[in-house]
Protein chains: 2
Amino acid sequence: MIPGEPCSGPHWPRRITVLGATGSVGRATLDLVAEQKGRFEVEALTGGRRVRELAALARTFRPRFVALADPAGYAELRELLAGTGIEVAAGEEAVVEAAARPAELVMAAVVGVAGLRPTLAAVRRGALVALANKECLVSAGELFVREVETHDAVLLPVDSEHNAVFQALAGGGRRHLERIVLTASGGPFRTWSAEEMARATPEQALAHPSWRMGAKITVDSATLMNKGLEIIEAHHLFQLDEREIEVVVHPQSVIHGIALFTDGSMLAQMGPPDMRIPIAHALAWPSRLCTSVRRLDLLELGRLDFEPPDPARFPALRLAREALRAGDGAPTVLNAANEVAVAAFLEGRIGFRDIARLVEEALASALACAVPRDIEGVLALDAEARAFTRARIAAAAGSGAS
Amino acid sequence: MIPGEPCSGPHWPRRITVLGATGSVGRATLDLVAEQKGRFEVEALTGGRRVRELAALARTFRPRFVALADPAGYAELRELLAGTGIEVAAGEEAVVEAAARPAELVMAAVVGVAGLRPTLAAVRRGALVALANKECLVSAGELFVREVETHDAVLLPVDSEHNAVFQALAGGGRRHLERIVLTASGGPFRTWSAEEMARATPEQALAHPSWRMGAKITVDSATLMNKGLEIIEAHHLFQLDEREIEVVVHPQSVIHGIALFTDGSMLAQMGPPDMRIPIAHALAWPSRLCTSVRRLDLLELGRLDFEPPDPARFPALRLAREALRAGDGAPTVLNAANEVAVAAFLEGRIGFRDIARLVEEALASALACAVPRDIEGVLALDAEARAFTRARIAAAAGSGAS
C-alpha cells in the first residue's frame, strides 16, 4: 500500500472548500489534500486574520476563491495574491460566500460562533459538511439540525469522538444503536486533588497529556467541559437521549468512541491521537483514503485504562447535561459563558475552578430560558450571555480589588 | 429497549436450519431463537449422537425435519418424536439432506471434518451460511471458498474473532482494509514457564480463563493452535496475506478482532466473552437483534492488556503460518494431526508439548505436499494424516514401554 495512492471511489477528484483554513483542523485538512495527489480540488479557502498564512495556502492549493474574515487585511491579501487569478474577498459576508460556492464537500473548521453562518450556507445548498465547528450543534443545536434535514445536507463529524461513533455506526445503523460511549483523556488534572486544581495555572492547564490542540479546547479538556459540549453535539448528531451518552475517562486516548448495539456488540474506533485520521475519514466518506499517518501499535501501548469521571472535581459534565436537559437557550448560554470564562482564566484574571462557577451562574440566570427562533437569535443570545459573564468577572475583580 | 422486541428488518420471520444443534454453538443459537419470539422458524435440526437432547430440541422448536448423524439412534429418535409430524432421518446423508432443505440461513455448527459435506450442501444452494465449523476453511480452504463464490453463497463468520472483523469491515469495506488483528486470551498457560507447560495436565489445560467451550477447542486455546487455525480461516474469509493477519494476546478477551483501514483508522468489535453475541449478529445479518445478553462494562473492567504471543512457548502459531504459506494439503494435515494429538493429550497418552511436536512431524511428512482436488480428496487426506499421527503416538508409546 502506497500512501497517497488512490484506493477506490467514483467521485475523484472531489471539489472541497475549507472554512478556517489557517486553524489547526484547516491546516491538517490541507496537509492531507497535499498528500493525496489528484484526489481533491480546492474551490475556496477562508481565514480569520492570518493574512500571510492564508495567502501562502492559496498559492499552494490554488483555490478559485479566498476570503478573509477580517476586512482590515483585504488590501494585503490582494497584493499577496496579485497575478494568481485567484478571486479575493474579505469580511464576514465573504466567508459566507465562500461556503455557498459549489464544492461537493465543505470542511467547516471556523472556530466559535463565527462558524455558524458560513456553515449554514454550506448546509443550505445540501453539501457534504465535514463539521469541526462545535457551536453549530452546541449553540444552535435544534435550529441547525432542522436546516440539515430540510436541505438534505450530510453532516460528517470531524471531532475525533463523534467521528469515531459515526464510523462505528456503519457496523449497525442508528436504529440498532442502544448507547454510545465518548472517551475523555481526563486532561492534565485527571490525578490532581480539588485543592491542587483550584491553584492550577494556565500553563498547567495547557499541558495536555495526549492531544495537541488550540488553547481554548485544551482548557476545555482540563475542565472536561469539552466532553460536556460533545455530549450536546452527540445528542443532536445521533438523536440520542442524554442518558444514552456515556463518558468514560481513558487516559491513553486511543479508543475515541464506541457504539453499543441492541444485540450486545460494541464497535469502537481506535487510532493514535492525530486529527488527520478523523479528517481523512470525513474527506473521503463514504470511501477511504490511503494516508501516511502513523498506525496504532497496541503492543507498544501495552494497556488501555478506563475510569469514571469524578463529578466533584469536574462539574462541567453535570452542567452540560443540565443545559441539554433544560433545552431552549441553555446550551447557547453554557457555551458562551464557558468561552468568556476560559479566556479570562487564560489571561490570569480568574482561577481554574471559577470557570465552572461562572458557567453555573450563567445557566441559573434568566438568559438560559430564552428561546432563540433563528440563527440571529442564537447570535444575540450568545452575545448577551458573554456580556453577562464578562460583567460577573468584572464585578468579582472590582470587589476583590476594593 | 425490550429484549426480544423486533428492532427492524424486512425478512422476518427468517427460516433457519441448525446443523449441530446439540453442540454448544447449536444450543446457544436455539437459546437466541427461543428469546426472539416470532423472528425465526426452524426448518431442520441435526445432531450427532445425543438422541434425547435432539428430540427435546425438536419438540421445543418444531422443525419440519430432524436428522441424527449416528444411524444407530434412528429408532429411538423416531419413537421420541412419534406423533409430532416431524420428519425423522439418520445417517450422514440425512445431515446433508437437512442442509440442502430450503432455509434462508444455515447455522453450520457441526464440529470437525464431519461438517464439510453438510456445510457444502448449504453453500451449493446459495444460502446465508453462518459458519461455526473450522474445518471448512482450514482443511478445505480454497476448494470451499471456490464453491462459495460459484454459488453466490454468503459466509457469516460465527467464530468470535472473525465475526468481530466482519462487523468492523462494515465501517470500511474490504478494499480499504490494510491489516487485521485477531486477539487471543493467551489461555491458561499464558504466564507459565516452558518447563511448567511441559508437565501440564489435561485438567490444567481445560481451565480456560475467559471462555467456556468444548474440550478440543479449549486445549487449542492453551496451545494457541486455535489462533493458528483462525489465521488460516481469516486468510480465506477476508482474502488477506498471512502477514496481514496479526495475533495479539489480550487476556481480558473483550476486544475480539480489529480491522485497520488504509487511512489509519481501526475499528474493533468488543463484547463480553459470550458466543451468543457473534451468533446473534450472524442470525440477524444484515439487521441486528435486541438480545438480553449482558452488556460489557468498561468501568468494571478498568483495563485492557495487550502483549505479543511468545513464539518459543507457543510454536503452534508458527506451524499454522507455515502450513498456510505451504498451501496445498498442509493446512488439512495440520488440522488432522492436531486433532489426533489433542485427543491423545486429553487421554493422558502424550504430554502437552507433544501436541505441537506431532503436528510439526506431520507437516514435515510427504502428506503435506498432497493436493486434494475435491472434498473427497480432503477427507481422504485428513484420514491419512490422522492415521500417520496415531501411528507416531503408538510408536512412541511402544518405544517408551519397551
# chains A, B, ... in the order shown; residues from 1 in each chain; ligands from 1
>>> interface_residues(of="chain A", to="chain B", cutoff="6 Å", atoms="only C-alpha atoms", output="VMD selection string")
chain A and resid 167 170 to 171 262 to 271 289 to 291 295 299 302 to 307
>>> write_last_selection(atoms="N, CA, C and O atoms", output="compact mmCIF listing (two decimals), in the first residue's frame")
# COMPACT_ATOMS: atom_id res chain seq x y z
N GLN A 167 -18.17 6.33 12.52
CA GLN A 167 -17.54 5.18 11.86
C GLN A 167 -18.11 3.87 12.41
O GLN A 167 -18.40 2.94 11.67
N ALA A 170 -21.52 2.53 11.11
CA ALA A 170 -21.59 1.83 9.83
C ALA A 170 -21.80 0.34 10.06
O ALA A 170 -22.36 -0.36 9.22
N GLY A 171 -21.35 -0.15 11.22
CA GLY A 171 -21.49 -1.58 11.52
C GLY A 171 -22.85 -1.95 12.09
O GLY A 171 -23.05 -3.11 12.45
N THR A 262 -27.99 -3.10 19.96
CA THR A 262 -29.03 -3.79 20.72
C THR A 262 -28.78 -5.28 20.91
O THR A 262 -29.44 -5.91 21.71
N ASP A 263 -27.82 -5.84 20.17
CA ASP A 263 -27.51 -7.26 20.34
C ASP A 263 -26.31 -7.48 21.27
O ASP A 263 -25.82 -8.61 21.39
N GLY A 264 -25.84 -6.40 21.91
CA GLY A 264 -24.74 -6.55 22.86
C GLY A 264 -23.36 -6.35 22.25
O GLY A 264 -22.37 -6.34 22.96
N SER A 265 -23.28 -6.20 20.91
CA SER A 265 -21.99 -5.94 20.26
C SER A 265 -21.62 -4.47 20.43
O SER A 265 -22.48 -3.60 20.33
N MET A 266 -20.34 -4.23 20.64
CA MET A 266 -19.82 -2.87 20.65
C MET A 266 -18.84 -2.73 19.50
O MET A 266 -18.02 -3.63 19.28
N LEU A 267 -18.91 -1.60 18.80
CA LEU A 267 -17.87 -1.29 17.83
C LEU A 267 -17.18 -0.02 18.28
O LEU A 267 -17.83 0.98 18.58
N ALA A 268 -15.85 -0.09 18.37
CA ALA A 268 -15.06 1.03 18.83
C ALA A 268 -14.12 1.47 17.73
O ALA A 268 -13.56 0.64 17.03
N GLN A 269 -13.97 2.77 17.55
CA GLN A 269 -12.96 3.26 16.62
C GLN A 269 -11.73 3.63 17.41
O GLN A 269 -11.82 4.25 18.48
N MET A 270 -10.58 3.21 16.90
CA MET A 270 -9.31 3.43 17.59
C MET A 270 -8.30 4.05 16.63
O MET A 270 -8.38 3.85 15.42
N GLY A 271 -7.33 4.74 17.21
CA GLY A 271 -6.25 5.29 16.40
C GLY A 271 -5.38 6.15 17.29
O GLY A 271 -5.78 6.51 18.40
N LEU A 289 -9.29 7.08 2.29
CA LEU A 289 -8.00 7.40 1.67
C LEU A 289 -6.94 6.39 2.12
O LEU A 289 -7.15 5.63 3.06
N CYS A 290 -5.81 6.42 1.42
CA CYS A 290 -4.60 5.77 1.92
C CYS A 290 -3.72 6.89 2.44
O CYS A 290 -3.30 7.75 1.66
N THR A 291 -3.46 6.92 3.72
CA THR A 291 -2.67 8.01 4.27
C THR A 291 -1.37 7.49 4.89
O THR A 291 -1.23 6.29 5.13
N ARG A 295 0.40 4.40 12.32
CA ARG A 295 -0.57 3.39 12.73
C ARG A 295 -0.44 3.15 14.23
O ARG A 295 0.65 3.26 14.79
N LEU A 299 0.73 -3.29 20.89
CA LEU A 299 1.77 -3.93 21.70
C LEU A 299 2.68 -2.90 22.33
O LEU A 299 3.14 -3.07 23.46
N GLY A 302 0.56 -1.52 25.17
CA GLY A 302 0.51 -2.49 26.27
C GLY A 302 -0.80 -2.55 27.01
O GLY A 302 -1.30 -3.62 27.29
N ARG A 303 -1.36 -1.38 27.33
CA ARG A 303 -2.63 -1.42 28.06
C ARG A 303 -3.47 -0.18 27.80
O ARG A 303 -2.96 0.88 27.46
N LEU A 304 -4.77 -0.35 27.99
CA LEU A 304 -5.74 0.75 27.89
C LEU A 304 -6.48 0.79 29.22
O LEU A 304 -6.90 -0.25 29.72
N ASP A 305 -6.66 1.98 29.76
CA ASP A 305 -7.34 2.12 31.04
C ASP A 305 -8.66 2.87 30.89
O ASP A 305 -8.81 3.70 29.99
N PHE A 306 -9.57 2.56 31.79
CA PHE A 306 -10.88 3.20 31.80
C PHE A 306 -11.27 3.51 33.24
O PHE A 306 -11.13 2.65 34.11
N GLU A 307 -11.74 4.71 33.48
CA GLU A 307 -12.20 5.06 34.82
C GLU A 307 -13.37 6.04 34.71
O GLU A 307 -13.53 6.72 33.68
>>> residues_around(residues="Gly327 in chain B", least_positions_apart="4", cutoff="10 Å", atoms="only C-alpha atoms", output="list in words")
Gly141, Glu142, Arg321, Glu322, Ala323, Pro331, Thr332, Ala368, Cys369, Ala370 and Val371 of chain B
>>> residues_around(residues="Pro315 in chain A", least_positions_apart="3", cutoff="9 Å", atoms="only C-alpha atoms", output="PyMOL selection string")
chain A and resi 223-225+310-312+318-320+356-357
>>> residues_around(residues="range 385-393 of chain B", least_positions_apart="2", cutoff="6 Å", atoms="only C-alpha atoms", output="PyMOL selection string")
chain B and resi 333+336-337+382-383+395-396
>>> write_last_selection(atoms="N, CA and C atoms", output="short mmCIF file (atom, residue, chain, number, x, y, z; two decimals), in the first residue's frame")
data_model
loop_
_atom_site.label_atom_id
_atom_site.label_comp_id
_atom_site.auth_asym_id
_atom_site.auth_seq_id
_atom_site.Cartn_x
_atom_site.Cartn_y
_atom_site.Cartn_z
N VAL B 333 -3.48 -31.31 6.80
CA VAL B 333 -2.63 -32.19 7.62
C VAL B 333 -2.43 -31.58 9.01
N ALA B 336 -5.66 -32.14 11.01
CA ALA B 336 -5.91 -33.54 11.36
C ALA B 336 -4.93 -34.01 12.43
N ALA B 337 -3.66 -33.69 12.24
CA ALA B 337 -2.65 -34.12 13.21
C ALA B 337 -2.93 -33.49 14.57
N ASP B 382 -7.25 -36.04 5.14
CA ASP B 382 -7.49 -35.89 6.58
C ASP B 382 -7.35 -37.23 7.28
N ALA B 383 -7.94 -38.29 6.69
CA ALA B 383 -7.88 -39.63 7.29
C ALA B 383 -6.43 -40.14 7.31
N ALA B 395 3.85 -45.58 18.18
CA ALA B 395 5.26 -45.96 18.12
C ALA B 395 6.02 -45.42 19.32
N ALA B 396 5.72 -44.16 19.67
CA ALA B 396 6.40 -43.54 20.82
C ALA B 396 6.03 -44.27 22.10
#
>>> closest_residue(among="B:Ala205, B:Ile350, B:Ala380, B:Leu45", to="Ser221 in chain B", atoms="only C-alpha atoms")
B:Ala205
>>> select_by_dssp(residues="range 15-108 of chain B", states="strand (DSSP E)", output="list in words")
Arg15, Ile16, Thr17, Val18, Leu19, Phe40, Glu41, Val42, Glu43, Ala44, Leu45, Thr46, Gly47, Phe65, Val66, Ala67, Leu68, Glu87, Val88, Ala89, Ala90, Leu105, Val106, Met107 and Ala108 of chain B
>>> write_last_selection(atoms="C-alpha atoms", output="CSV table (one decimal), in the first residue's frame")
chain,number,residue,atom,x,y,z
B,15,ARG,CA,-36.3,-19.6,8.2
B,16,ILE,CA,-33.2,-21.3,9.6
B,17,THR,CA,-31.6,-24.7,9.9
B,18,VAL,CA,-29.2,-25.6,12.7
B,19,LEU,CA,-26.6,-28.2,11.9
B,40,PHE,CA,-37.3,-17.4,13.4
B,41,GLU,CA,-38.8,-20.5,12.0
B,42,VAL,CA,-36.8,-23.7,12.2
B,43,GLU,CA,-36.6,-25.8,9.0
B,44,ALA,CA,-34.3,-28.5,10.2
B,45,LEU,CA,-32.2,-29.6,13.2
B,46,THR,CA,-29.4,-32.1,13.2
B,47,GLY,CA,-27.3,-33.8,15.9
B,65,PHE,CA,-37.0,-32.3,9.6
B,66,VAL,CA,-34.7,-33.8,12.1
B,67,ALA,CA,-31.5,-35.7,11.3
B,68,LEU,CA,-29.2,-37.7,13.5
B,87,GLU,CA,-39.9,-36.0,9.6
B,88,VAL,CA,-37.0,-38.1,11.1
B,89,ALA,CA,-33.9,-39.4,9.4
B,90,ALA,CA,-30.5,-40.7,10.4
B,105,LEU,CA,-29.9,-19.2,6.8
B,106,VAL,CA,-28.0,-22.3,7.9
B,107,MET,CA,-26.0,-22.4,11.1
B,108,ALA,CA,-23.2,-24.7,10.3
>>> residues_around(residues="range 83-85 of chain B", least_positions_apart="3", cutoff="9 Å", atoms="only C-alpha atoms", output="mmCIF file with all heavy atoms, in the first residue's frame")
data_model
loop_
_atom_site.group_PDB
_atom_site.id
_atom_site.type_symbol
_atom_site.label_atom_id
_atom_site.label_comp_id
_atom_site.auth_asym_id
_atom_site.auth_seq_id
_atom_site.Cartn_x
_atom_site.Cartn_y
_atom_site.Cartn_z
ATOM 1 N N ARG B 59 -38.908 -31.099 19.868
ATOM 2 C CA ARG B 59 -40.240 -30.897 20.477
ATOM 3 C C ARG B 59 -40.448 -29.416 20.811
ATOM 4 O O ARG B 59 -41.561 -28.912 20.743
ATOM 5 C CB ARG B 59 -40.398 -31.760 21.727
ATOM 6 C CG ARG B 59 -40.633 -33.226 21.389
ATOM 7 C CD ARG B 59 -41.201 -34.015 22.549
ATOM 8 N NE ARG B 59 -41.638 -35.323 22.096
ATOM 9 C CZ ARG B 59 -42.909 -35.607 21.793
ATOM 10 N NH1 ARG B 59 -43.856 -34.695 21.924
ATOM 11 N NH2 ARG B 59 -43.242 -36.818 21.358
ATOM 12 N N ARG B 62 -39.960 -27.353 16.941
ATOM 13 C CA ARG B 62 -40.866 -27.818 15.895
ATOM 14 C C ARG B 62 -40.320 -27.643 14.465
ATOM 15 O O ARG B 62 -40.956 -26.977 13.634
ATOM 16 C CB ARG B 62 -42.207 -27.085 16.005
ATOM 17 C CG ARG B 62 -42.947 -27.413 17.281
ATOM 18 C CD ARG B 62 -43.637 -28.738 17.134
ATOM 19 N NE ARG B 62 -43.877 -29.366 18.425
ATOM 20 C CZ ARG B 62 -44.595 -30.461 18.577
ATOM 21 N NH1 ARG B 62 -45.146 -31.056 17.523
ATOM 22 N NH2 ARG B 62 -44.757 -31.005 19.759
ATOM 23 N N ARG B 64 -39.347 -28.946 10.607
ATOM 24 C CA ARG B 64 -40.014 -29.897 9.709
ATOM 25 C C ARG B 64 -39.247 -31.202 9.614
ATOM 26 O O ARG B 64 -39.817 -32.237 9.312
ATOM 27 C CB ARG B 64 -40.117 -29.287 8.306
ATOM 28 C CG ARG B 64 -41.057 -28.112 8.276
ATOM 29 C CD ARG B 64 -41.236 -27.597 6.866
ATOM 30 N NE ARG B 64 -42.081 -26.426 6.869
ATOM 31 C CZ ARG B 64 -42.023 -25.468 5.968
ATOM 32 N NH1 ARG B 64 -41.178 -25.559 4.950
ATOM 33 N NH2 ARG B 64 -42.830 -24.430 6.045
ATOM 34 N N GLU B 79 -39.118 -42.887 17.756
ATOM 35 C CA GLU B 79 -40.072 -43.146 18.834
ATOM 36 C C GLU B 79 -40.318 -41.890 19.671
ATOM 37 O O GLU B 79 -41.453 -41.544 19.994
ATOM 38 C CB GLU B 79 -39.497 -44.257 19.716
ATOM 39 C CG GLU B 79 -40.536 -44.866 20.647
ATOM 40 C CD GLU B 79 -39.912 -46.020 21.419
ATOM 41 O OE1 GLU B 79 -39.237 -46.850 20.771
ATOM 42 O OE2 GLU B 79 -40.066 -46.057 22.653
ATOM 43 N N LEU B 80 -39.213 -41.187 19.989
ATOM 44 C CA LEU B 80 -39.322 -39.984 20.824
ATOM 45 C C LEU B 80 -40.127 -38.877 20.139
ATOM 46 O O LEU B 80 -40.712 -38.026 20.796
ATOM 47 C CB LEU B 80 -37.922 -39.463 21.185
ATOM 48 C CG LEU B 80 -37.144 -40.302 22.214
ATOM 49 C CD1 LEU B 80 -35.670 -39.874 22.250
ATOM 50 C CD2 LEU B 80 -37.771 -40.160 23.598
#
>>> closest_residue(among="B:Arg50, B:Arg27, B:Arg14, B:His208", to="Leu128 in chain B", atoms="only C-alpha atoms")
B:Arg14
